[in-house]
Amino acid sequence: PPDPFLYTRRDVAASFADTAPVPTPGTPYLQSGRLFPPSVEGHSGLNKSTLKQMSAILNELNVPKEPIPTKRSCDLYDGVRKEALTLLILQKMVLRKEAELTAKRAKLAKMRGEAAAKVEAAVKFEEGKAEEG
């Protein structure tokens with residue numbers, strides 16, 4: 001089976017790559033260009049509400065909204081944001097799978113209940129035949 005963790009990390013990394021400045025030889029760029037939020041278009045599991053949840057996690061962890069834009073701080077900031085997004089997306093996947101499992105268990109219990117009712121009805125029918133005969 002495919003590894004959802006691998007695909008989620010790949011999607012999150014791609015969303016950051018879409019908004020990151022592209023360094024070209026001879027053309028400097030500012031590290032502060034990396035502080036923009038990741039792109040949500042075209043990436044599964046990413047939307048504006050997920051980005052708000054990511055911001056809430058960063059606030060809870062006391063991560064500054066805009067750290068001093070050095071290479072090292074931007075690398076760390078990107079790493080924390082990627083991990084937070086990965087966590088949120090995987091949590092959503094788990095909730096979806098749990099709901100699916102609950103629905104399948106309910107369907108199975110209903111099927112077992114119907115099967116048990118049919119068996120019980122058959123037994124009563126046979127007992128009724130035996131009493132008549």
# chains A, B, ... in the order shown; residues from 1 in each chain; ligands from 1

call {"tool": "select_by_dssp", "arguments": {"residues": "chain A", "states": "alpha helix (DSSP H)", "output": "number ranges by chain"}}
result
A: 4-19, 48-60, 71-132

call {"tool": "residues_around", "arguments": {"residues": "stretch 22-35 of chain A", "least_positions_apart": "4", "cutoff": "9 Å", "atoms": "only C-alpha atoms", "output": "ChimeraX atom specification"}}
result
/A:16-17,65-71,74-75,77-78

call {"tool": "write_last_selection", "arguments": {"atoms": "all heavy atoms", "output": "CSV table (one decimal), in the first residue's frame"}}
result
chain,number,residue,atom,x,y,z
A,16,PHE,N,5.7,24.5,-0.7
A,16,PHE,CA,6.6,25.5,-0.3
A,16,PHE,C,7.5,25.9,-1.4
A,16,PHE,O,7.9,27.0,-1.6
A,16,PHE,CB,7.5,25.0,0.9
A,16,PHE,CG,6.9,25.2,2.2
A,16,PHE,CD1,6.0,24.2,2.7
A,16,PHE,CD2,7.2,26.3,3.0
A,16,PHE,CE1,5.4,24.4,4.0
A,16,PHE,CE2,6.6,26.5,4.2
A,16,PHE,CZ,5.7,25.5,4.7
A,17,ALA,N,7.8,24.9,-2.3
A,17,ALA,CA,8.7,25.2,-3.5
A,17,ALA,C,8.0,26.1,-4.4
A,17,ALA,O,8.7,26.9,-5.1
A,17,ALA,CB,9.1,23.9,-4.1
A,65,LYS,N,6.2,35.3,14.2
A,65,LYS,CA,5.5,35.4,12.9
A,65,LYS,C,6.5,35.6,11.7
A,65,LYS,O,6.3,35.0,10.7
A,65,LYS,CB,4.4,36.4,12.9
A,65,LYS,CG,3.2,36.1,13.7
A,65,LYS,CD,2.1,37.0,13.6
A,65,LYS,CE,1.1,36.8,14.6
A,65,LYS,NZ,0.0,35.9,14.1
A,66,GLU,N,7.4,36.5,11.9
A,66,GLU,CA,8.5,36.7,10.9
A,66,GLU,C,9.8,36.7,11.6
A,66,GLU,O,10.2,37.7,12.2
A,66,GLU,CB,8.2,38.0,10.2
A,66,GLU,CG,7.0,38.0,9.3
A,66,GLU,CD,6.9,39.2,8.4
A,66,GLU,OE1,7.9,39.9,8.2
A,66,GLU,OE2,5.8,39.4,7.9
A,67,PRO,N,10.5,35.6,11.6
A,67,PRO,CA,11.8,35.5,12.2
A,67,PRO,C,12.8,36.4,11.4
A,67,PRO,O,12.5,36.8,10.3
A,67,PRO,CB,12.2,34.1,12.1
A,67,PRO,CG,11.4,33.5,11.0
A,67,PRO,CD,10.1,34.3,11.0
A,68,ILE,N,13.9,36.7,12.0
A,68,ILE,CA,15.0,37.4,11.3
A,68,ILE,C,15.4,36.5,10.1
A,68,ILE,O,15.8,35.4,10.3
A,68,ILE,CB,16.2,37.6,12.3
A,68,ILE,CG1,15.8,38.5,13.4
A,68,ILE,CG2,17.3,38.3,11.5
A,68,ILE,CD1,16.8,38.6,14.5
A,69,PRO,N,15.3,37.1,8.9
A,69,PRO,CA,15.5,36.3,7.7
A,69,PRO,C,16.9,36.0,7.4
A,69,PRO,O,17.5,36.5,6.4
A,69,PRO,CB,14.8,37.1,6.6
A,69,PRO,CG,14.9,38.5,7.1
A,69,PRO,CD,14.8,38.4,8.6
A,70,THR,N,17.5,35.1,8.1
A,70,THR,CA,18.8,34.6,7.8
A,70,THR,C,18.6,33.2,7.2
A,70,THR,O,17.5,32.6,7.3
A,70,THR,CB,19.8,34.5,9.0
A,70,THR,OG1,19.2,33.5,9.9
A,70,THR,CG2,19.9,35.8,9.7
A,71,LYS,N,19.6,32.6,6.5
A,71,LYS,CA,19.4,31.3,5.9
A,71,LYS,C,19.0,30.3,6.9
A,71,LYS,O,18.1,29.5,6.8
A,71,LYS,CB,20.7,30.9,5.1
A,71,LYS,CG,20.5,29.5,4.5
A,71,LYS,CD,21.5,29.2,3.5
A,71,LYS,CE,21.5,27.9,2.9
A,71,LYS,NZ,20.3,27.1,3.0
A,74,CYS,N,15.5,30.8,8.4
A,74,CYS,CA,14.5,30.5,7.4
A,74,CYS,C,14.4,29.0,7.2
A,74,CYS,O,13.3,28.5,7.0
A,74,CYS,CB,14.8,31.2,6.1
A,74,CYS,SG,14.4,33.0,6.1
A,75,ASP,N,15.5,28.3,7.2
A,75,ASP,CA,15.5,26.8,7.1
A,75,ASP,C,14.7,26.2,8.2
A,75,ASP,O,13.9,25.3,8.0
A,75,ASP,CB,16.9,26.3,7.1
A,75,ASP,CG,17.7,26.6,5.8
A,75,ASP,OD1,17.0,26.9,4.8
A,75,ASP,OD2,18.9,26.4,5.8
A,77,TYR,N,12.5,27.8,10.2
A,77,TYR,CA,11.1,28.2,10.1
A,77,TYR,C,10.4,27.4,9.1
A,77,TYR,O,9.2,26.9,9.3
A,77,TYR,CB,11.1,29.7,9.7
A,77,TYR,CG,9.7,30.3,9.8
A,77,TYR,CD1,9.0,30.5,10.9
A,77,TYR,CD2,9.2,30.9,8.6
A,77,TYR,CE1,7.8,31.1,11.0
A,77,TYR,CE2,8.0,31.5,8.6
A,77,TYR,CZ,7.3,31.6,9.8
A,77,TYR,OH,6.0,32.2,9.8
A,78,ASP,N,11.0,27.1,7.9
A,78,ASP,CA,10.3,26.3,6.9
A,78,ASP,C,10.2,24.9,7.4
A,78,ASP,O,9.1,24.2,7.2
A,78,ASP,CB,11.2,26.2,5.6
A,78,ASP,CG,11.0,27.4,4.7
A,78,ASP,OD1,10.1,28.2,5.0
A,78,ASP,OD2,11.8,27.6,3.8

call {"tool": "closest_residue", "arguments": {"among": "A:Lys107, A:Lys92, A:Arg10, A:Arg112", "to": "A:Gln53", "atoms": "only C-alpha atoms"}}
result
A:Lys92

call {"tool": "closest_residue", "arguments": {"among": "A:Leu90, A:Ala103, A:Ala117, A:Leu61", "to": "A:Asp3", "atoms": "only C-alpha atoms"}}
result
A:Leu90

call {"tool": "closest_residue", "arguments": {"among": "A:Arg9, A:Ala56, A:Glu100, A:Thr19", "to": "A:Glu83", "atoms": "only C-alpha atoms"}}
result
A:Arg9

call {"tool": "residues_around", "arguments": {"residues": "A:Pro4", "least_positions_apart": "2", "cutoff": "12 Å", "atoms": "only C-alpha atoms", "output": "NGL selection string"}}
result
:A and (1-2 or 6-11 or 44-45 or 86-87 or 89-94 or 97)
